[in-house]
>>> print(open('coords_7.cif').read())   # mmCIF, N, CA, C and O atoms
data_run
loop_
_atom_site.label_atom_id
_atom_site.label_comp_id
_atom_site.auth_asym_id
_atom_site.auth_seq_id
_atom_site.Cartn_x
_atom_site.Cartn_y
_atom_site.Cartn_z
N MET K 1186 2.01 -1.09 10.92
CA MET K 1186 0.63 -1.54 10.88
C MET K 1186 0.35 -2.28 12.19
O MET K 1186 1.08 -3.17 12.57
N GLU K 1187 -0.72 -1.89 12.84
CA GLU K 1187 -1.11 -2.52 14.11
C GLU K 1187 -1.59 -3.95 13.84
O GLU K 1187 -2.08 -4.26 12.77
N GLN K 1188 -1.43 -4.82 14.83
CA GLN K 1188 -1.86 -6.20 14.65
C GLN K 1188 -2.43 -6.74 15.96
O GLN K 1188 -1.99 -6.39 17.04
N PHE K 1189 -3.44 -7.60 15.81
CA PHE K 1189 -4.12 -8.20 16.95
C PHE K 1189 -4.42 -9.66 16.63
O PHE K 1189 -4.65 -10.02 15.48
N SER K 1190 -4.47 -10.46 17.69
CA SER K 1190 -4.95 -11.83 17.51
C SER K 1190 -6.47 -11.77 17.33
O SER K 1190 -7.10 -10.78 17.70
N ILE K 1191 -7.05 -12.81 16.78
CA ILE K 1191 -8.50 -12.85 16.62
C ILE K 1191 -9.20 -12.70 17.97
O ILE K 1191 -10.16 -11.96 18.10
N ALA K 1192 -8.69 -13.40 18.98
CA ALA K 1192 -9.29 -13.32 20.32
C ALA K 1192 -9.24 -11.89 20.86
O ALA K 1192 -10.23 -11.39 21.40
N GLU K 1193 -8.10 -11.23 20.69
CA GLU K 1193 -7.95 -9.85 21.16
C GLU K 1193 -8.84 -8.92 20.34
O GLU K 1193 -9.41 -7.96 20.87
N ALA K 1194 -8.98 -9.19 19.05
CA ALA K 1194 -9.79 -8.34 18.18
C ALA K 1194 -11.25 -8.35 18.60
O ALA K 1194 -11.94 -7.33 18.49
N ARG K 1195 -11.75 -9.48 19.09
CA ARG K 1195 -13.14 -9.53 19.58
C ARG K 1195 -13.36 -8.51 20.69
O ARG K 1195 -14.39 -7.85 20.72
N ASN K 1196 -12.39 -8.39 21.58
CA ASN K 1196 -12.52 -7.48 22.70
C ASN K 1196 -12.25 -6.02 22.34
O ASN K 1196 -12.66 -5.13 23.08
N ARG K 1197 -11.56 -5.78 21.23
CA ARG K 1197 -11.17 -4.41 20.87
C ARG K 1197 -11.72 -4.01 19.50
O ARG K 1197 -11.15 -3.17 18.82
N PHE K 1198 -12.84 -4.61 19.10
CA PHE K 1198 -13.39 -4.41 17.76
C PHE K 1198 -13.63 -2.93 17.44
O PHE K 1198 -13.26 -2.45 16.37
N THR K 1199 -14.24 -2.20 18.37
CA THR K 1199 -14.53 -0.79 18.12
C THR K 1199 -13.24 -0.01 17.86
O THR K 1199 -13.18 0.81 16.93
N GLU K 1200 -12.23 -0.26 18.66
CA GLU K 1200 -10.94 0.42 18.47
C GLU K 1200 -10.35 0.08 17.10
O GLU K 1200 -9.83 0.96 16.40
N ILE K 1201 -10.44 -1.17 16.71
CA ILE K 1201 -9.89 -1.61 15.43
C ILE K 1201 -10.61 -0.92 14.27
O ILE K 1201 -9.98 -0.44 13.33
N VAL K 1202 -11.93 -0.84 14.34
CA VAL K 1202 -12.70 -0.16 13.29
C VAL K 1202 -12.34 1.31 13.24
O VAL K 1202 -12.17 1.88 12.16
N ARG K 1203 -12.18 1.94 14.38
CA ARG K 1203 -11.80 3.37 14.39
C ARG K 1203 -10.43 3.58 13.77
O ARG K 1203 -10.22 4.55 13.04
N ARG K 1204 -9.51 2.69 14.06
CA ARG K 1204 -8.18 2.79 13.44
C ARG K 1204 -8.29 2.69 11.91
O ARG K 1204 -7.67 3.46 11.19
N ALA K 1205 -9.07 1.74 11.46
CA ALA K 1205 -9.26 1.56 10.02
C ALA K 1205 -9.89 2.80 9.40
O ALA K 1205 -9.48 3.24 8.33
N GLU K 1206 -10.86 3.38 10.07
CA GLU K 1206 -11.51 4.60 9.57
C GLU K 1206 -10.51 5.75 9.43
O GLU K 1206 -10.64 6.58 8.54
N ARG K 1207 -9.49 5.77 10.30
CA ARG K 1207 -8.46 6.82 10.24
C ARG K 1207 -7.41 6.51 9.17
O ARG K 1207 -6.44 7.24 9.00
N GLY K 1208 -7.57 5.39 8.48
CA GLY K 1208 -6.63 5.04 7.43
C GLY K 1208 -5.49 4.18 7.92
O GLY K 1208 -4.46 4.06 7.24
N GLU K 1209 -5.64 3.56 9.09
CA GLU K 1209 -4.61 2.69 9.65
C GLU K 1209 -5.07 1.23 9.52
O GLU K 1209 -5.82 0.75 10.35
N PRO K 1210 -4.63 0.51 8.49
CA PRO K 1210 -5.02 -0.90 8.37
C PRO K 1210 -4.56 -1.70 9.58
O PRO K 1210 -3.54 -1.39 10.19
N VAL K 1211 -5.33 -2.71 9.95
CA VAL K 1211 -5.02 -3.54 11.11
C VAL K 1211 -4.99 -5.00 10.67
O VAL K 1211 -5.93 -5.49 10.06
N ARG K 1212 -3.90 -5.70 10.98
CA ARG K 1212 -3.78 -7.12 10.67
C ARG K 1212 -4.38 -7.95 11.80
O ARG K 1212 -4.20 -7.64 12.96
N LEU K 1213 -5.03 -9.04 11.41
CA LEU K 1213 -5.58 -9.98 12.38
C LEU K 1213 -4.88 -11.32 12.22
O LEU K 1213 -4.76 -11.83 11.11
N PHE K 1214 -4.43 -11.88 13.34
CA PHE K 1214 -3.68 -13.14 13.36
C PHE K 1214 -4.49 -14.27 13.97
O PHE K 1214 -5.30 -14.05 14.87
N ARG K 1215 -4.24 -15.47 13.49
CA ARG K 1215 -4.73 -16.70 14.13
C ARG K 1215 -3.57 -17.68 14.11
O ARG K 1215 -3.01 -17.96 13.06
N ARG K 1216 -3.21 -18.17 15.28
CA ARG K 1216 -2.09 -19.11 15.43
C ARG K 1216 -0.81 -18.61 14.78
O ARG K 1216 -0.10 -19.34 14.09
N GLY K 1217 -0.55 -17.31 14.93
CA GLY K 1217 0.69 -16.72 14.43
C GLY K 1217 0.72 -16.38 12.96
O GLY K 1217 1.73 -15.90 12.46
N LYS K 1218 -0.39 -16.59 12.23
CA LYS K 1218 -0.43 -16.26 10.80
C LYS K 1218 -1.48 -15.19 10.54
O LYS K 1218 -2.56 -15.22 11.12
N VAL K 1219 -1.16 -14.27 9.63
CA VAL K 1219 -2.11 -13.23 9.26
C VAL K 1219 -3.25 -13.89 8.49
O VAL K 1219 -3.02 -14.63 7.53
N VAL K 1220 -4.50 -13.64 8.94
CA VAL K 1220 -5.65 -14.24 8.27
C VAL K 1220 -6.58 -13.19 7.68
O VAL K 1220 -7.43 -13.51 6.85
N ALA K 1221 -6.43 -11.93 8.11
CA ALA K 1221 -7.31 -10.88 7.59
C ALA K 1221 -6.68 -9.51 7.86
O ALA K 1221 -5.80 -9.37 8.70
N VAL K 1222 -7.17 -8.53 7.12
CA VAL K 1222 -6.77 -7.14 7.33
C VAL K 1222 -8.05 -6.31 7.36
O VAL K 1222 -8.90 -6.45 6.48
N VAL K 1223 -8.17 -5.46 8.37
CA VAL K 1223 -9.31 -4.55 8.46
C VAL K 1223 -8.83 -3.20 7.93
O VAL K 1223 -7.81 -2.68 8.38
N LEU K 1224 -9.54 -2.67 6.94
CA LEU K 1224 -9.18 -1.37 6.38
C LEU K 1224 -10.41 -0.54 6.11
O LEU K 1224 -11.53 -1.05 6.11
N SER K 1225 -10.21 0.74 5.88
CA SER K 1225 -11.32 1.66 5.66
C SER K 1225 -12.03 1.34 4.35
O SER K 1225 -11.44 0.73 3.44
N ILE K 1226 -13.27 1.77 4.23
CA ILE K 1226 -14.02 1.56 3.00
C ILE K 1226 -13.34 2.28 1.83
O ILE K 1226 -13.31 1.78 0.72
N ARG K 1227 -12.74 3.44 2.11
CA ARG K 1227 -12.04 4.19 1.06
C ARG K 1227 -10.88 3.37 0.52
O ARG K 1227 -10.71 3.23 -0.69
N ASP K 1228 -10.09 2.80 1.43
CA ASP K 1228 -8.96 1.97 0.99
C ASP K 1228 -9.44 0.72 0.26
O ASP K 1228 -8.87 0.32 -0.75
N TYR K 1229 -10.50 0.10 0.78
CA TYR K 1229 -11.05 -1.09 0.12
C TYR K 1229 -11.52 -0.77 -1.29
O TYR K 1229 -11.21 -1.48 -2.24
N GLN K 1230 -12.27 0.32 -1.44
CA GLN K 1230 -12.79 0.68 -2.76
C GLN K 1230 -11.66 0.98 -3.74
O GLN K 1230 -11.74 0.64 -4.92
N GLN K 1231 -10.60 1.59 -3.24
CA GLN K 1231 -9.45 1.87 -4.10
C GLN K 1231 -8.81 0.57 -4.57
O GLN K 1231 -8.44 0.43 -5.74
N LEU K 1232 -8.69 -0.40 -3.68
CA LEU K 1232 -8.10 -1.68 -4.05
C LEU K 1232 -9.01 -2.52 -4.93
O LEU K 1232 -8.54 -3.27 -5.79
N ALA K 1233 -10.32 -2.41 -4.71
CA ALA K 1233 -11.28 -3.25 -5.43
C ALA K 1233 -11.66 -2.68 -6.80
O ALA K 1233 -12.30 -3.36 -7.59
N ARG K 1234 -11.27 -1.46 -7.07
CA ARG K 1234 -11.59 -0.83 -8.34
C ARG K 1234 -10.99 -1.64 -9.48
O ARG K 1234 -9.83 -2.04 -9.41
N PRO K 1235 -11.74 -1.85 -10.54
CA PRO K 1235 -11.19 -2.63 -11.65
C PRO K 1235 -9.98 -1.93 -12.27
O PRO K 1235 -9.96 -0.72 -12.41
N GLY K 1236 -8.99 -2.68 -12.62
CA GLY K 1236 -7.69 -2.35 -13.14
C GLY K 1236 -7.39 -1.04 -13.81
O GLY K 1236 -6.80 -1.07 -14.87
N ASP K 1237 -7.73 0.07 -13.25
CA ASP K 1237 -7.31 1.35 -13.82
C ASP K 1237 -5.92 1.68 -13.28
O ASP K 1237 -5.77 2.32 -12.26
N PHE K 1238 -4.90 1.21 -13.96
CA PHE K 1238 -3.53 1.43 -13.54
C PHE K 1238 -3.02 2.78 -14.01
O PHE K 1238 -2.26 3.44 -13.32
N TRP K 1239 -3.44 3.22 -15.19
CA TRP K 1239 -2.84 4.39 -15.83
C TRP K 1239 -3.19 5.70 -15.16
O TRP K 1239 -2.34 6.59 -15.09
N THR K 1240 -4.41 5.85 -14.66
CA THR K 1240 -4.78 7.11 -14.01
C THR K 1240 -3.94 7.36 -12.76
O THR K 1240 -3.36 8.43 -12.62
N PRO K 1241 -3.83 6.38 -11.83
CA PRO K 1241 -2.95 6.62 -10.68
C PRO K 1241 -1.49 6.81 -11.07
O PRO K 1241 -0.78 7.60 -10.46
N LEU K 1242 -1.03 6.09 -12.10
CA LEU K 1242 0.35 6.27 -12.56
C LEU K 1242 0.56 7.69 -13.06
O LEU K 1242 1.57 8.32 -12.74
N ALA K 1243 -0.38 8.21 -13.84
CA ALA K 1243 -0.26 9.58 -14.35
C ALA K 1243 -0.23 10.58 -13.20
O ALA K 1243 0.57 11.53 -13.22
N ARG K 1244 -1.08 10.38 -12.19
CA ARG K 1244 -1.07 11.28 -11.01
C ARG K 1244 0.27 11.21 -10.29
O ARG K 1244 0.81 12.24 -9.89
N PHE K 1245 0.80 10.00 -10.14
CA PHE K 1245 2.09 9.84 -9.47
C PHE K 1245 3.19 10.56 -10.24
O PHE K 1245 4.01 11.27 -9.67
N ARG K 1246 3.21 10.39 -11.56
CA ARG K 1246 4.23 11.04 -12.37
C ARG K 1246 4.12 12.56 -12.32
O ARG K 1246 5.13 13.25 -12.28
N GLU K 1247 2.90 13.08 -12.30
CA GLU K 1247 2.72 14.53 -12.16
C GLU K 1247 3.23 15.01 -10.81
O GLU K 1247 3.86 16.06 -10.72
N GLN K 1248 2.95 14.24 -9.78
CA GLN K 1248 3.41 14.58 -8.43
C GLN K 1248 4.93 14.65 -8.40
O GLN K 1248 5.50 15.60 -7.86
N ILE K 1249 5.59 13.67 -8.98
CA ILE K 1249 7.06 13.64 -9.01
C ILE K 1249 7.59 14.81 -9.84
O ILE K 1249 8.54 15.48 -9.46
N ALA K 1250 6.95 15.08 -10.98
CA ALA K 1250 7.39 16.19 -11.85
C ALA K 1250 7.29 17.53 -11.14
O ALA K 1250 8.12 18.42 -11.36
N ARG K 1251 6.30 17.68 -10.26
CA ARG K 1251 6.15 18.93 -9.50
C ARG K 1251 7.09 18.99 -8.30
O ARG K 1251 7.10 19.97 -7.58
N GLY K 1252 7.84 17.92 -8.08
CA GLY K 1252 8.77 17.89 -6.96
C GLY K 1252 8.14 17.46 -5.65
O GLY K 1252 8.77 17.57 -4.60
N GLU K 1253 6.90 16.99 -5.69
CA GLU K 1253 6.23 16.52 -4.48
C GLU K 1253 6.63 15.08 -4.23
O GLU K 1253 6.18 14.18 -4.92
N ARG K 1254 7.46 14.87 -3.26
CA ARG K 1254 7.98 13.53 -3.02
C ARG K 1254 7.59 12.98 -1.66
O ARG K 1254 8.19 12.03 -1.18
N GLU K 1255 6.57 13.55 -1.04
CA GLU K 1255 6.13 13.06 0.25
C GLU K 1255 5.64 11.62 0.11
O GLU K 1255 4.83 11.30 -0.74
N GLY K 1256 6.14 10.74 0.95
CA GLY K 1256 5.74 9.34 0.91
C GLY K 1256 6.50 8.52 -0.11
O GLY K 1256 6.26 7.34 -0.26
N VAL K 1257 7.42 9.14 -0.85
CA VAL K 1257 8.19 8.43 -1.86
C VAL K 1257 9.63 8.30 -1.36
O VAL K 1257 10.27 9.29 -1.05
N GLU K 1258 10.10 7.08 -1.26
CA GLU K 1258 11.47 6.84 -0.80
C GLU K 1258 12.45 7.49 -1.78
O GLU K 1258 12.25 7.43 -3.00
N PRO K 1259 13.52 8.12 -1.29
CA PRO K 1259 14.47 8.81 -2.18
C PRO K 1259 15.08 7.93 -3.26
O PRO K 1259 15.33 8.38 -4.36
N ASP K 1260 15.31 6.65 -2.96
CA ASP K 1260 15.96 5.79 -3.95
C ASP K 1260 15.00 4.81 -4.61
O ASP K 1260 15.40 3.76 -5.10
N VAL K 1261 13.72 5.19 -4.68
CA VAL K 1261 12.72 4.28 -5.23
C VAL K 1261 13.01 3.91 -6.69
O VAL K 1261 12.69 2.82 -7.13
N PHE K 1262 13.66 4.79 -7.42
CA PHE K 1262 13.95 4.52 -8.83
C PHE K 1262 15.41 4.14 -9.06
O PHE K 1262 15.85 4.02 -10.20
N ALA K 1263 16.18 3.92 -8.00
CA ALA K 1263 17.62 3.70 -8.12
C ALA K 1263 17.99 2.54 -9.03
O ALA K 1263 18.92 2.63 -9.82
N ASP K 1264 17.27 1.43 -8.93
CA ASP K 1264 17.66 0.27 -9.71
C ASP K 1264 16.61 -0.13 -10.75
O ASP K 1264 16.55 -1.26 -11.18
N VAL K 1265 15.82 0.83 -11.17
CA VAL K 1265 14.75 0.55 -12.13
C VAL K 1265 15.30 0.35 -13.54
O VAL K 1265 14.83 -0.49 -14.28
N ARG K 1266 16.32 1.08 -13.89
CA ARG K 1266 16.83 1.06 -15.25
C ARG K 1266 18.20 0.39 -15.31
O ARG K 1266 19.07 0.66 -14.50
N ASP K 1267 18.37 -0.45 -16.31
CA ASP K 1267 19.66 -1.09 -16.53
C ASP K 1267 20.59 -0.07 -17.16
O ASP K 1267 20.33 0.44 -18.26
N ARG K 1268 21.67 0.26 -16.50
CA ARG K 1268 22.60 1.29 -16.98
C ARG K 1268 23.74 0.71 -17.80
O ARG K 1268 24.63 1.44 -18.21
N SER K 1269 23.74 -0.58 -18.08
CA SER K 1269 24.81 -1.18 -18.86
C SER K 1269 24.72 -0.72 -20.31
O SER K 1269 23.66 -0.27 -20.77
N THR K 1270 25.81 -0.89 -21.02
CA THR K 1270 25.83 -0.47 -22.44
C THR K 1270 25.13 -1.48 -23.33
O THR K 1270 24.96 -1.22 -24.52
N GLY K 1271 24.77 -2.60 -22.80
CA GLY K 1271 24.05 -3.59 -23.61
C GLY K 1271 25.01 -4.56 -24.27
O GLY K 1271 26.22 -4.55 -24.04
N ARG K 1272 24.49 -5.39 -25.13
CA ARG K 1272 25.31 -6.41 -25.78
C ARG K 1272 25.94 -5.85 -27.05
O ARG K 1272 25.47 -4.86 -27.63
N ASP K 1273 26.95 -6.52 -27.52
CA ASP K 1273 27.62 -6.11 -28.77
C ASP K 1273 26.71 -6.44 -29.95
O ASP K 1273 26.05 -7.48 -29.97
N ALA K 1274 26.68 -5.56 -30.90
CA ALA K 1274 25.89 -5.80 -32.10
C ALA K 1274 26.59 -6.79 -33.01
O ALA K 1274 27.80 -6.77 -33.17
N VAL K 1275 25.81 -7.67 -33.58
CA VAL K 1275 26.36 -8.66 -34.51
C VAL K 1275 25.99 -8.21 -35.92
O VAL K 1275 24.83 -8.02 -36.24
N LEU K 1276 27.01 -8.04 -36.75
CA LEU K 1276 26.76 -7.56 -38.12
C LEU K 1276 26.96 -8.65 -39.13
O LEU K 1276 27.61 -9.58 -39.07
#
>>> encode(input="coords_7.cif", output="structure tokens")
Amino acid sequence: MEQFSIAEARNRFTEIVRRAERGEPVRLFRRGKVVAVVLSIRDYQQLARPGDFWTPLARFREQIARGEREGVEPDVFADVRDRSTGRDAVL
């Protein structure tokens, strides 16, 4: 992700907006700390949409089921499930 100081961003505003339009978020810094992120309206609307978690999850699961793994790290699910046998049952 590209990053600029606030002072530099003033001088390169058009470039920053164009990057965001291409889907490249840009971080803005002040005194060494991130204070803002410039992103496309599409990305903003996706983030601002009220909590519809299940629809994107269903799309993701369908994508994985079809074998489409572009953008998905190979070991993303490596430590998701506890593989231990569990605790002993008390009778």
>>> resolve_selection(input="coords_7.cif", expression="the PyMOL selection byres (((chain K and resi 1209 and name CA) around 12) and name CA)", output="list in words")
Met1186, Glu1187, Gln1188, Glu1200, Ile1201, Val1202, Arg1203, Arg1204, Ala1205, Glu1206, Arg1207, Gly1208, Pro1210, Val1211, Arg1212, Val1222, Val1223, Leu1224, Ser1225, Ile1226, Arg1227 and Asp1228 of chain K
>>> atom_distance(input="coords_7.cif", atom1="atom O of Trp1239 in chain K", atom2="CA of Asp1267 in chain K")
23.3 Å
>>> select_by_dssp(input="coords_7.cif", residues="chain K", states="alpha helix (DSSP H)", output="count of residues only")
35
>>> atom_distance(input="coords_7.cif", atom1="atom N of Phe1238 in chain K", atom2="atom C of Arg1268 in chain K")
28.9 Å
>>> atom_distance(input="coords_7.cif", atom1="CA of Arg1215 in chain K", atom2="CA of Ile1191 in chain K")
5.9 Å
>>> select_by_dssp(input="coords_7.cif", residues="chain K", states="strand (DSSP E or B)", output="MDAnalysis selection string")
chainID K and resid 1187:1190 1211:1215 1218:1223
>>> axis_aligned_box(input="coords_7.cif", around="range 1231-1244 of chain K", padding_each_side="6 Å", output="lines of an AutoDock Vina configuration file")
center_x = -5.4
center_y = 4.4
center_z = -9.5
size_x = 25.9
size_y = 27.6
size_z = 24.6
>>> closest_residue(input="coords_7.cif", among="K:Ser1190, K:Arg1197, K:Gln1230, K:Leu1242", to="Gly1217 in chain K", atoms="all atoms listed in the file")
K:Ser1190
>>> decode(input="coords_7.cif", residues="range 1243-1256 of chain K", atoms="N, CA and C atoms", output="PDB file, in the first residue's frame")
ATOM      1  N   ALA K1243     -20.552 -16.786   1.775  1.00  0.00           N
ATOM      2  CA  ALA K1243     -21.063 -17.804   0.851  1.00  0.00           C
ATOM      3  C   ALA K1243     -20.330 -17.731  -0.485  1.00  0.00           C
ATOM      4  N   ARG K1244     -20.092 -16.515  -0.987  1.00  0.00           N
ATOM      5  CA  ARG K1244     -19.344 -16.353  -2.251  1.00  0.00           C
ATOM      6  C   ARG K1244     -17.927 -16.895  -2.110  1.00  0.00           C
ATOM      7  N   PHE K1245     -17.284 -16.597  -0.981  1.00  0.00           N
ATOM      8  CA  PHE K1245     -15.927 -17.080  -0.741  1.00  0.00           C
ATOM      9  C   PHE K1245     -15.899 -18.603  -0.717  1.00  0.00           C
ATOM     10  N   ARG K1246     -16.848 -19.206  -0.008  1.00  0.00           N
ATOM     11  CA  ARG K1246     -16.886 -20.667   0.078  1.00  0.00           C
ATOM     12  C   ARG K1246     -17.140 -21.310  -1.278  1.00  0.00           C
ATOM     13  N   GLU K1247     -17.989 -20.693  -2.094  1.00  0.00           N
ATOM     14  CA  GLU K1247     -18.221 -21.209  -3.445  1.00  0.00           C
ATOM     15  C   GLU K1247     -16.956 -21.114  -4.283  1.00  0.00           C
ATOM     16  N   GLN K1248     -16.249 -20.002  -4.141  1.00  0.00           N
ATOM     17  CA  GLN K1248     -14.992 -19.799  -4.869  1.00  0.00           C
ATOM     18  C   GLN K1248     -13.992 -20.888  -4.495  1.00  0.00           C
ATOM     19  N   ILE K1249     -13.853 -21.174  -3.214  1.00  0.00           N
ATOM     20  CA  ILE K1249     -12.921 -22.202  -2.750  1.00  0.00           C
ATOM     21  C   ILE K1249     -13.370 -23.575  -3.248  1.00  0.00           C
ATOM     22  N   ALA K1250     -14.676 -23.855  -3.186  1.00  0.00           N
ATOM     23  CA  ALA K1250     -15.200 -25.149  -3.636  1.00  0.00           C
ATOM     24  C   ALA K1250     -14.928 -25.377  -5.119  1.00  0.00           C
ATOM     25  N   ARG K1251     -14.937 -24.303  -5.909  1.00  0.00           N
ATOM     26  CA  ARG K1251     -14.653 -24.418  -7.349  1.00  0.00           C
ATOM     27  C   ARG K1251     -13.157 -24.493  -7.629  1.00  0.00           C
ATOM     28  N   GLY K1252     -12.346 -24.377  -6.585  1.00  0.00           N
ATOM     29  CA  GLY K1252     -10.904 -24.446  -6.764  1.00  0.00           C
ATOM     30  C   GLY K1252     -10.268 -23.120  -7.135  1.00  0.00           C
ATOM     31  N   GLU K1253     -11.032 -22.037  -7.067  1.00  0.00           N
ATOM     32  CA  GLU K1253     -10.494 -20.714  -7.381  1.00  0.00           C
ATOM     33  C   GLU K1253      -9.845 -20.159  -6.126  1.00  0.00           C
ATOM     34  N   ARG K1254      -8.550 -20.140  -6.110  1.00  0.00           N
ATOM     35  CA  ARG K1254      -7.834 -19.725  -4.908  1.00  0.00           C
ATOM     36  C   ARG K1254      -6.987 -18.482  -5.127  1.00  0.00           C
ATOM     37  N   GLU K1255      -7.274 -17.729  -6.177  1.00  0.00           N
ATOM     38  CA  GLU K1255      -6.518 -16.510  -6.432  1.00  0.00           C
ATOM     39  C   GLU K1255      -6.734 -15.529  -5.285  1.00  0.00           C
ATOM     40  N   GLY K1256      -5.649 -15.019  -4.737  1.00  0.00           N
ATOM     41  CA  GLY K1256      -5.732 -14.068  -3.636  1.00  0.00           C
ATOM     42  C   GLY K1256      -5.887 -14.724  -2.271  1.00  0.00           C
TER      43      GLY K1256
END
